[in-house]
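Asker: My structure is stored as final_8.pdb, with PDB, C-alpha atoms.
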ATOM      1  CA  MET A   1      14.238   1.792  -8.495
ATOM      2  CA  GLY A   2      16.929  -0.288  -6.796
ATOM      3  CA  GLU A   3      16.731  -1.964  -3.428
ATOM      4  CA  VAL A   4      17.131   0.155  -0.295
ATOM      5  CA  ASP A   5      18.657  -0.664   3.077
ATOM      6  CA  VAL A   6      15.820  -1.645   5.402
ATOM      7  CA  HIS A   7      15.526  -3.210   8.828
ATOM      8  CA  ILE A   8      12.548  -5.503   9.435
ATOM      9  CA  CYS A   9      11.295  -6.065  12.958
ATOM     10  CA  ARG A  10       8.154  -6.671  15.001
ATOM     11  CA  ALA A  11       6.069  -3.651  15.987
ATOM     12  CA  ARG A  12       7.003  -2.511  19.503
ATOM     13  CA  GLY A  13       4.145  -0.310  20.654
ATOM     14  CA  LEU A  14       1.637   2.439  19.991
ATOM     15  CA  GLU A  15       3.948   4.627  17.920
ATOM     16  CA  ASP A  16       4.559   1.764  15.500
ATOM     17  CA  TYR A  17       0.826   0.981  15.230
ATOM     18  CA  ARG A  18       0.107   4.649  14.505
ATOM     19  CA  ALA A  19       2.692   4.511  11.711
ATOM     20  CA  CYS A  20       0.807   1.564  10.167
ATOM     21  CA  VAL A  21      -2.444   3.546  10.276
ATOM     22  CA  GLU A  22      -0.811   6.498   8.512
ATOM     23  CA  LEU A  23       0.773   4.270   5.875
ATOM     24  CA  GLN A  24      -2.659   2.837   5.015
ATOM     25  CA  LYS A  25      -3.902   6.356   4.249
ATOM     26  CA  GLU A  26      -0.927   7.006   1.991
ATOM     27  CA  VAL A  27      -0.839   3.686   0.143
ATOM     28  CA  TRP A  28      -4.564   3.184  -0.482
ATOM     29  CA  SER A  29      -5.818   6.801  -0.193
ATOM     30  CA  PHE A  30      -8.878   5.688   1.761
ATOM     31  CA  SER A  31     -11.454   8.435   2.240
ATOM     32  CA  ASN A  32     -13.687   6.491   4.674
ATOM     33  CA  THR A  33     -12.280   5.720   8.091
ATOM     34  CA  GLU A  34     -14.227   2.442   8.131
ATOM     35  CA  ASP A  35     -11.816   1.073   5.499
ATOM     36  CA  ILE A  36      -8.771   1.687   7.706
ATOM     37  CA  VAL A  37      -7.490  -0.936  10.154
ATOM     38  CA  PRO A  38      -7.495   0.921  13.510
ATOM     39  CA  GLN A  39      -4.596   1.088  15.918
ATOM     40  CA  PRO A  40      -6.136  -1.244  18.576
ATOM     41  CA  LEU A  41      -6.559  -4.052  16.033
ATOM     42  CA  PHE A  42      -2.854  -3.927  15.182
ATOM     43  CA  LEU A  43      -2.063  -4.240  18.889
ATOM     44  CA  ILE A  44      -4.420  -7.192  19.379
ATOM     45  CA  GLY A  45      -3.144  -8.948  16.272
ATOM     46  CA  ASN A  46       0.482  -8.509  17.222
ATOM     47  CA  ASP A  47       0.105  -9.526  20.880
ATOM     48  CA  TYR A  48      -2.434 -12.344  20.606
ATOM     49  CA  GLY A  49      -1.389 -14.819  17.953
ATOM     50  CA  GLY A  50      -0.661 -12.763  14.843
ATOM     51  CA  SER A  51       2.093 -10.458  13.685
ATOM     52  CA  VAL A  52       2.792  -6.840  12.754
ATOM     53  CA  LEU A  53       6.124  -6.494  10.976
ATOM     54  CA  LEU A  54       7.707  -3.164  10.102
ATOM     55  CA  ALA A  55      10.177  -2.178   7.409
ATOM     56  CA  GLU A  56      12.294   0.718   8.644
ATOM     57  CA  GLU A  57      14.788   2.766   6.673
ATOM     58  CA  PRO A  58      17.472   4.735   8.538
ATOM     59  CA  GLY A  59      16.404   8.358   8.537
ATOM     60  CA  SER A  60      12.957   7.678   7.102
ATOM     61  CA  GLY A  61      11.270   5.663   9.854
ATOM     62  CA  VAL A  62       8.557   3.128   8.993
ATOM     63  CA  ILE A  63       8.216   2.732   5.220
ATOM     64  CA  GLY A  64       6.288  -0.548   5.109
ATOM     65  CA  PHE A  65       4.366  -3.058   7.179
ATOM     66  CA  ALA A  66       2.828  -6.529   7.012
ATOM     67  CA  PHE A  67      -0.138  -7.345   9.265
ATOM     68  CA  ALA A  68      -1.326 -10.918   9.903
ATOM     69  CA  MET A  69      -3.993 -12.240  12.255
ATOM     70  CA  LEU A  70      -4.514 -15.706  13.653
ATOM     71  CA  GLY A  71      -7.173 -17.667  11.778
ATOM     72  CA  ARG A  72      -8.481 -21.165  11.084
ATOM     73  CA  LYS A  73      -8.940 -23.126   7.882
ATOM     74  CA  PRO A  74     -12.288 -24.881   7.320
ATOM     75  CA  ASP A  75     -10.705 -28.073   8.697
ATOM     76  CA  GLY A  76      -9.816 -26.274  11.925
ATOM     77  CA  ALA A  77      -6.052 -26.009  11.330
ATOM     78  CA  LEU A  78      -4.490 -22.717  12.454
ATOM     79  CA  ILE A  79      -3.175 -20.291   9.841
ATOM     80  CA  TRP A  80      -2.188 -16.654   9.676
ATOM     81  CA  TRP A  81      -4.463 -14.421   7.661
ATOM     82  CA  SER A  82      -2.271 -11.716   6.130
ATOM     83  CA  HIS A  83      -4.708  -8.827   5.942
ATOM     84  CA  MET A  84      -2.390  -6.105   4.654
ATOM     85  CA  THR A  85       1.092  -5.582   3.290
ATOM     86  CA  GLY A  86       1.831  -1.993   2.344
ATOM     87  CA  VAL A  87       4.875  -0.006   1.277
ATOM     88  CA  SER A  88       5.236   3.761   1.079
ATOM     89  CA  ARG A  89       4.705   5.041  -2.455
ATOM     90  CA  ASN A  90       8.203   6.545  -2.529
ATOM     91  CA  HIS A  91       9.707   3.122  -1.788
ATOM     92  CA  GLN A  92       7.617   0.840  -3.985
ATOM     93  CA  GLY A  93       9.524  -1.222  -6.525
ATOM     94  CA  CYS A  94      12.527  -1.613  -4.201
ATOM     95  CA  GLY A  95      11.894  -5.196  -3.059
ATOM     96  CA  ILE A  96      10.590  -4.165   0.362
ATOM     97  CA  GLY A  97       7.323  -6.066   0.008
ATOM     98  CA  PHE A  98       9.227  -9.260  -0.834
ATOM     99  CA  HIS A  99      11.476  -8.893   2.214
ATOM    100  CA  LEU A 100       8.454  -8.260   4.419
ATOM    101  CA  LYS A 101       6.786 -11.447   3.169
ATOM    102  CA  LEU A 102       9.952 -13.500   3.692
ATOM    103  CA  ALA A 103      10.200 -12.153   7.239
ATOM    104  CA  GLN A 104       6.522 -12.929   7.772
ATOM    105  CA  ARG A 105       7.148 -16.510   6.637
ATOM    106  CA  GLU A 106       9.992 -16.939   9.122
ATOM    107  CA  ASP A 107       7.932 -15.345  11.897
ATOM    108  CA  ALA A 108       5.009 -17.691  11.200
ATOM    109  CA  LEU A 109       7.182 -20.802  11.194
ATOM    110  CA  GLU A 110       8.736 -19.755  14.507
ATOM    111  CA  HIS A 111       5.214 -19.610  15.958
ATOM    112  CA  GLY A 112       4.190 -23.026  14.623
ATOM    113  CA  ILE A 113       2.175 -21.711  11.656
ATOM    114  CA  SER A 114       2.706 -23.505   8.342
ATOM    115  CA  GLU A 115       0.283 -21.601   6.086
ATOM    116  CA  ILE A 116      -0.462 -17.924   5.452
ATOM    117  CA  TRP A 117      -3.532 -16.922   3.438
ATOM    118  CA  TRP A 118      -4.550 -13.550   1.996
ATOM    119  CA  THR A 119      -6.624 -12.037  -0.803
ATOM    120  CA  PHE A 120      -5.691 -10.085  -3.917
ATOM    121  CA  ASP A 121      -7.453  -8.658  -6.963
ATOM    122  CA  PRO A 122      -7.508 -11.325  -9.696
ATOM    123  CA  LEU A 123      -7.123  -8.681 -12.404
ATOM    124  CA  GLN A 124      -3.983  -6.992 -11.044
ATOM    125  CA  ALA A 125      -1.146  -8.651 -12.952
ATOM    126  CA  VAL A 126       1.649  -7.190 -10.809
ATOM    127  CA  ASN A 127       0.122  -8.636  -7.646
ATOM    128  CA  ALA A 128      -0.575 -11.989  -9.301
ATOM    129  CA  ASP A 129       3.019 -12.203 -10.491
ATOM    130  CA  PHE A 130       4.326 -11.375  -7.017
ATOM    131  CA  ASN A 131       2.037 -13.772  -5.162
ATOM    132  CA  LEU A 132       2.205 -16.813  -7.444
ATOM    133  CA  ARG A 133       5.459 -16.651  -9.377
ATOM    134  CA  LYS A 134       7.707 -14.923  -6.869
ATOM    135  CA  LEU A 135       6.308 -16.186  -3.541
ATOM    136  CA  GLY A 136       4.915 -19.532  -4.718
ATOM    137  CA  ALA A 137       1.362 -19.164  -3.409
ATOM    138  CA  ILE A 138      -1.499 -21.097  -5.017
ATOM    139  CA  VAL A 139      -5.172 -20.188  -5.460
ATOM    140  CA  CYS A 140      -8.246 -22.438  -5.240
ATOM    141  CA  GLU A 141     -10.958 -19.952  -4.267
ATOM    142  CA  TYR A 142     -12.667 -16.862  -5.705
ATOM    143  CA  GLU A 143     -14.685 -14.475  -3.515
ATOM    144  CA  GLU A 144     -17.118 -11.929  -4.969
ATOM    145  CA  ASN A 145     -17.141  -8.379  -3.576
ATOM    146  CA  ILE A 146     -15.615  -9.663  -0.348
ATOM    147  CA  TYR A 147     -14.949  -6.208   1.161
ATOM    148  CA  GLY A 148     -17.859  -4.334  -0.409
ATOM    149  CA  VAL A 149     -17.252  -1.196  -2.447
ATOM    150  CA  SER A 150     -14.091   0.451  -1.141
ATOM    151  CA  SER A 151     -13.411   4.153  -0.714
ATOM    152  CA  SER A 152      -9.937   3.744  -2.219
ATOM    153  CA  PRO A 153      -9.632   5.415  -5.645
ATOM    154  CA  LEU A 154      -7.427   2.482  -6.640
ATOM    155  CA  HIS A 155     -10.572   0.314  -6.817
ATOM    156  CA  HIS A 156     -12.592   2.729  -9.023
ATOM    157  CA  GLY A 157     -15.873   1.790  -7.358
ATOM    158  CA  MET A 158     -15.790  -1.769  -8.691
ATOM    159  CA  PRO A 159     -16.865  -4.790  -6.630
ATOM    160  CA  THR A 160     -13.924  -6.036  -4.580
ATOM    161  CA  ASP A 161     -13.707  -9.509  -6.114
ATOM    162  CA  ARG A 162     -10.667 -11.335  -4.737
ATOM    163  CA  LEU A 163      -8.680 -14.516  -5.124
ATOM    164  CA  VAL A 164      -7.673 -16.280  -1.908
ATOM    165  CA  ALA A 165      -3.931 -17.005  -1.927
ATOM    166  CA  GLU A 166      -2.642 -19.963   0.066
ATOM    167  CA  TRP A 167       1.039 -19.807   0.962
ATOM    168  CA  HIS A 168       2.208 -23.256   2.038
ATOM    169  CA  LEU A 169       5.330 -22.207   3.888
ATOM    170  CA  GLU A 170       7.055 -25.588   4.020
ATOM    171  CA  SER A 171       6.369 -26.748   0.463
ATOM    172  CA  GLU A 172       9.493 -27.400  -1.597
ATOM    173  CA  ARG A 173       8.593 -24.707  -4.118
ATOM    174  CA  VAL A 174       8.097 -22.036  -1.461
ATOM    175  CA  LYS A 175      11.298 -23.021   0.339
ATOM    176  CA  ASN A 176      13.260 -22.861  -2.919
ATOM    177  CA  LEU A 177      11.778 -19.511  -3.921
ATOM    178  CA  SER A 178      12.438 -18.074  -0.474
ATOM    179  CA  SER A 179      16.082 -19.122  -0.646
ATOM    180  CA  GLY A 180      16.538 -18.006  -4.262
ATOM    181  CA  GLU A 181      17.214 -21.555  -5.450
ATOM    182  CA  ALA A 182      14.048 -22.227  -7.470
ATOM    183  CA  PRO A 183      14.723 -23.131 -11.119
ATOM    184  CA  VAL A 184      13.067 -20.957 -13.754
ATOM    185  CA  ILE A 185      10.555 -23.118 -15.613
ATOM    186  CA  GLN A 186       8.777 -21.489 -18.541
ATOM    187  CA  PRO A 187       5.890 -23.616 -19.837
ATOM    188  CA  ASP A 188       5.355 -23.801 -23.587
ATOM    189  CA  PHE A 189       2.334 -21.549 -23.370
ATOM    190  CA  ASP A 190       1.751 -21.595 -27.156
ATOM    191  CA  ARG A 191       0.518 -25.191 -26.954
ATOM    192  CA  LEU A 192      -1.729 -24.668 -23.922
ATOM    193  CA  LEU A 193      -5.458 -24.103 -24.305
ATOM    194  CA  ARG A 194      -6.877 -20.777 -23.173
ATOM    195  CA  VAL A 195      -9.998 -20.262 -21.128
ATOM    196  CA  ILE A 196     -10.699 -16.801 -22.571
ATOM    197  CA  GLU A 197     -10.084 -15.714 -26.165
ATOM    198  CA  ILE A 198      -9.545 -12.000 -26.767
ATOM    199  CA  HIS A 199     -10.804 -10.090 -29.816
ATOM    200  CA  ASP A 200      -9.904  -6.392 -30.175
ATOM    201  CA  GLN A 201      -9.132  -6.225 -26.425
ATOM    202  CA  GLN A 202     -12.599  -7.593 -25.635
ATOM    203  CA  PRO A 203     -12.705 -10.799 -23.593
ATOM    204  CA  GLY A 204     -14.935 -13.472 -25.028
ATOM    205  CA  PRO A 205     -17.100 -15.713 -22.827
ATOM    206  CA  PRO A 206     -14.934 -18.286 -21.015
ATOM    207  CA  ASN A 207     -14.670 -21.771 -22.487
ATOM    208  CA  LEU A 208     -16.153 -23.948 -19.745
ATOM    209  CA  GLU A 209     -15.629 -27.258 -21.530
ATOM    210  CA  LEU A 210     -11.878 -27.728 -21.076
ATOM    211  CA  GLU A 211     -10.626 -30.908 -19.412
ATOM    212  CA  GLU A 212      -6.901 -30.537 -20.069
ATOM    213  CA  SER A 213      -4.293 -29.606 -17.477
ATOM    214  CA  PRO A 214      -2.628 -27.172 -17.411
ATOM    215  CA  ILE A 215      -4.678 -24.430 -19.071
ATOM    216  CA  LEU A 216      -4.205 -20.669 -19.283
ATOM    217  CA  LEU A 217      -6.425 -17.833 -18.059
ATOM    218  CA  GLU A 218      -5.420 -14.458 -19.466
ATOM    219  CA  ILE A 219      -6.064 -11.114 -17.772
ATOM    220  CA  PRO A 220      -5.184  -7.554 -18.864
ATOM    221  CA  SER A 221      -1.499  -6.723 -18.403
ATOM    222  CA  ASP A 222      -2.388  -3.225 -17.075
ATOM    223  CA  PHE A 223      -5.813  -3.324 -15.474
ATOM    224  CA  LEU A 224      -5.316  -0.056 -13.553
ATOM    225  CA  SER A 225      -5.001   1.860 -16.822
ATOM    226  CA  LEU A 226      -8.000   0.024 -18.256
ATOM    227  CA  GLN A 227     -10.127   1.020 -15.259
ATOM    228  CA  LYS A 228      -9.308   4.668 -15.947
ATOM    229  CA  THR A 229      -9.727   4.648 -19.720
ATOM    230  CA  ASP A 230     -12.588   2.171 -20.249
ATOM    231  CA  PRO A 231     -14.550   1.302 -17.088
ATOM    232  CA  GLN A 232     -17.125  -0.673 -19.077
ATOM    233  CA  LEU A 233     -14.424  -2.924 -20.551
ATOM    234  CA  ALA A 234     -12.864  -3.309 -17.086
ATOM    235  CA  ARG A 235     -16.174  -4.585 -15.726
ATOM    236  CA  ALA A 236     -16.523  -6.971 -18.679
ATOM    237  CA  TRP A 237     -13.131  -8.439 -17.786
ATOM    238  CA  GLN A 238     -14.168  -8.846 -14.173
ATOM    239  CA  ARG A 239     -17.384 -10.594 -15.221
ATOM    240  CA  GLU A 240     -15.690 -13.112 -17.529
ATOM    241  CA  VAL A 241     -12.771 -13.874 -15.212
ATOM    242  CA  ARG A 242     -15.200 -14.330 -12.318
ATOM    243  CA  ALA A 243     -17.220 -16.898 -14.299
ATOM    244  CA  ALA A 244     -14.065 -18.745 -15.390
ATOM    245  CA  CYS A 245     -12.624 -18.923 -11.891
ATOM    246  CA  HIS A 246     -15.811 -20.164 -10.253
ATOM    247  CA  HIS A 247     -16.199 -22.891 -12.861
ATOM    248  CA  TYR A 248     -12.655 -24.238 -12.891
ATOM    249  CA  PHE A 249     -12.121 -24.009  -9.140
ATOM    250  CA  ASP A 250     -15.339 -25.998  -8.694
ATOM    251  CA  ARG A 251     -13.910 -28.602 -11.072
ATOM    252  CA  GLY A 252     -10.770 -29.070  -9.007
ATOM    253  CA  TYR A 253      -8.329 -26.708 -10.718
ATOM    254  CA  ALA A 254      -5.884 -24.454  -8.890
ATOM    255  CA  MET A 255      -3.826 -21.473 -10.023
ATOM    256  CA  THR A 256      -0.248 -22.610  -9.539
ATOM    257  CA  ASN A 257       1.813 -20.008 -11.382
ATOM    258  CA  PHE A 258       1.699 -16.763 -13.342
ATOM    259  CA  MET A 259       3.484 -15.584 -16.470
ATOM    260  CA  MET A 260       4.135 -12.208 -18.062
ATOM    261  CA  VAL A 261       4.946 -12.604 -21.766
ATOM    262  CA  ASP A 262       6.222  -9.733 -23.909
ATOM    263  CA  THR A 263       6.036 -11.211 -27.414
ATOM    264  CA  PRO A 264       4.301 -10.822 -29.761
ATOM    265  CA  ASN A 265       2.187  -8.676 -27.433
ATOM    266  CA  ARG A 266       2.345  -8.176 -23.697
ATOM    267  CA  GLN A 267       0.251 -10.858 -22.028
ATOM    268  CA  ALA A 268      -0.541 -11.757 -18.412
ATOM    269  CA  LEU A 269      -1.505 -15.388 -17.837
ATOM    270  CA  TYR A 270      -2.520 -17.579 -14.903
ATOM    271  CA  LEU A 271      -1.443 -21.209 -15.149
ATOM    272  CA  MET A 272      -4.281 -23.443 -13.911
ATOM    273  CA  GLU A 273      -3.748 -27.129 -13.132
ATOM    274  CA  LYS A 274      -5.797 -29.944 -11.706
ATOM    275  CA  SER A 275      -5.488 -29.203  -8.032
ATOM    276  CA  LYS A 276      -2.105 -29.588  -6.337
ATOM    277  CA  ARG A 277      -3.502 -28.374  -3.036
TER
END
Please go through the file and, once you have read it, give me the structure as structure tokens.
Answerer:
Amino acid sequence: MGEVDVHICRARGLEDYRACVELQKEVWSFSNTEDIVPQPLFLIGNDYGGSVLLAEEPGSGVIGFAFAMLGRKPDGALIWWSHMTGVSRNHQGCGIGFHLKLAQREDALEHGISEIWWTFDPLQAVNADFNLRKLGAIVCEYEENIYGVSSSPLHHGMPTDRLVAEWHLESERVKNLSSGEAPVIQPDFDRLLRVIEIHDQQPGPPNLELEESPILLEIPSDFLSLQKTDPQLARAWQREVRAACHHYFDRGYAMTNFMMVDTPNRQALYLMEKSKR
């Protein structure tokens, strides 16, 4: 699907916050109301230090939103915590999420915020590609079951393990990616050592003895399908990736990029380097 004509702006009042609540129900299909960010929290976030941005299409109204709250890093520095970015199912794949994040970056910088953090599922290749390769975020932290078991059918009852993305808004890489000027650098992945070896689609135990940098951590290229067709294998992947991430993050590695490779088979790979944080 090609890009659509959208207008991005700050939320203006209760009607806009209600639209964000309804979009959550559509995008994530939550069945428990406790999983849904309520209208008052959008208001508080938008008016007291954070941001609620809307993507509006002429004739269609609100088709996407990005919600960030004010937060602090462990060292006390202020950041925005981007809790949700959602786009209507009929408009996904049109670049709206990317435009929302770019607008969120500009909004944060205008308010004196230089970093935005958020979480994402480590096994969702599309999200990893968007967050690391396209936006330029890095990852140094893995959280186990951070949100508990969700009522969204997209999560298939699995623990909500998440990576914590750090978006350093004024880094050269992020500035270049945001302006479309970043060079395309494709590492020679054939010569890089891999944390997990795969045999007949089964992930082996992670190699926890590597000292080289960079190294590669592979994940399934289509984890959503795997969750539907083989839940036991999906949980095995979560277990092995969890162990690998904890170990290498503790040893000072960071995820700095992501690659999707089509030959000889489709592969999805995190690039992990000795920390560039």
Asker: Name the residues that the PyMOL selection byres ((chain A and resi 6) around 7) pulls out of this structure, and write them as a VMD selection string.
Answerer: chain A and resid 4 to 5 7 to 8 55 to 57
Asker: Just the number, please: distance in Å from CA of His83 in chain A to CA of Thr119 in chain A, one decimal.
Answerer: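 Calculated distance between CA of His83 in chain A and CA of Thr119 in chain A is 7.7 Å.
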Asker: Taking into account only C-alpha atoms, which residue in the set A:Leu216, A:Ala244, A:Leu102, A:Val195 is nearest to Leu169 in chain A?
Answerer: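 The shortest atom-to-atom distance to Leu169 in chain A comes from A:Leu102.
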Asker: Pick out the residues sitting within 10 Å of Ala234 in chain A, and hand them over as a VMD selection string; count only C-alpha atoms, and ignore anything fewer than 3 positions along from it in its own chain.
Answerer: chain A and resid 123 158 202 to 203 220 223 to 231 237 to 239
Asker: Write out as a VMD selection string each polymer residue whose atoms come within 10 Å of Gln39 in chain A, counting all atoms listed in the file; drop sequence neighbours fewer than 4 positions from it.
Answerer: chain A and resid 14 to 22 43 to 44
Asker: Give me, as a ChimeraX atom specification, all polymer residues having an atom no more than 10 Å from Leu135 in chain A, counting all atoms listed in the file and skipping those fewer than 2 positions away in the same chain.
Answerer: /A:98,101-102,128-133,137-138,167-169,173-178,257
Asker: So how far away is CA of Ala66 in chain A from CA of Cys245 in chain A, in Å?
Answerer: 27.4 Å
Asker: Would you pick out the contacts of Gln267 in chain A at 9 Å or less, using all atoms listed in the file, so that residues sharing its chain but fewer than 6 positions from it are not included, and give the list as a JSON list (two decimals) with C-alpha atoms, keeping the file's coordinate frame?
Answerer:
[["chain", "number", "residue", "atom", "x", "y", "z"],
["A", 218, "GLU", "CA", -5.42, -14.46, -19.47],
["A", 219, "ILE", "CA", -6.06, -11.11, -17.77],
["A", 220, "PRO", "CA", -5.18, -7.55, -18.86],
["A", 221, "SER", "CA", -1.50, -6.72, -18.40],
["A", 259, "MET", "CA", 3.48, -15.58, -16.47],
["A", 260, "MET", "CA", 4.14, -12.21, -18.06],
["A", 261, "VAL", "CA", 4.95, -12.60, -21.77]]
Asker: Can you work out which one of A:Gln124, A:Thr256, A:Ser29, A:Asn145 has the shortest atom-to-atom distance to Pro214 in chain A, counting all atoms listed in the file?
Answerer: A:Thr256
Asker: So, with only C-alpha atoms as the atoms that count, which of A:Glu273, A:Glu166, A:Glu141, A:Ile146 lies closest to Ser82 in chain A?
Answerer: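 Closest to Ser82 in chain A of all the choices is A:Glu166.
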Asker: What is the distance, in Å and to one decimal place, between CA of Phe120 in chain A and CA of Lys274 in chain A?
Answerer: 21.3 Å
Asker: Calculated over only C-alpha atoms, which of the candidates A:Ser275, A:Gly45, A:Asp35, A:Glu211 has the smallest distance to Val149 in chain A?
Answerer: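 Of A:Ser275, A:Gly45, A:Asp35, A:Glu211, the one nearest Val149 in chain A, counting only C-alpha atoms, is A:Asp35.
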Asker: Considering all atoms listed in the file, return as JSON, numbers by chain whatever protein or nucleic-acid residues lie within 8 Å of Ile36 in chain A, sequence-local ones (same chain, fewer than 6 positions apart) excluded.
Answerer: {"A": [21, 24, 25, 30]}
Asker: Give as a VMD selection string the residues that the PyMOL selection byres ((chain A and resi 104) around 9) matches when applied to the coordinates above.
Answerer: chain A and resid 51 to 53 66 to 68 99 to 103 105 to 109 116
Asker: The PyMOL selection byres ((chain A and resi 205) around 7) - which residues does that actually catch in the file I just gave you? List them as a VMD selection string.
Answerer: chain A and resid 196 203 to 204 206 to 207 240
Asker: Which one of A:Thr263, A:Ser114, A:Gln92, A:Ser171 sits closest to Trp80 in chain A if you count all atoms listed in the file?
Answerer: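 Checking each of A:Thr263, A:Ser114, A:Gln92, A:Ser171 against Trp80 in chain A, counting all atoms listed in the file, the winner is A:Ser114.
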Asker: Of the candidates A:Thr33, A:Leu23, A:Pro40, A:Lys73, which one gets nearest to His91 in chain A if we count only C-alpha atoms?
Answerer: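 Distance minimum relative to His91 in chain A lands on A:Leu23.
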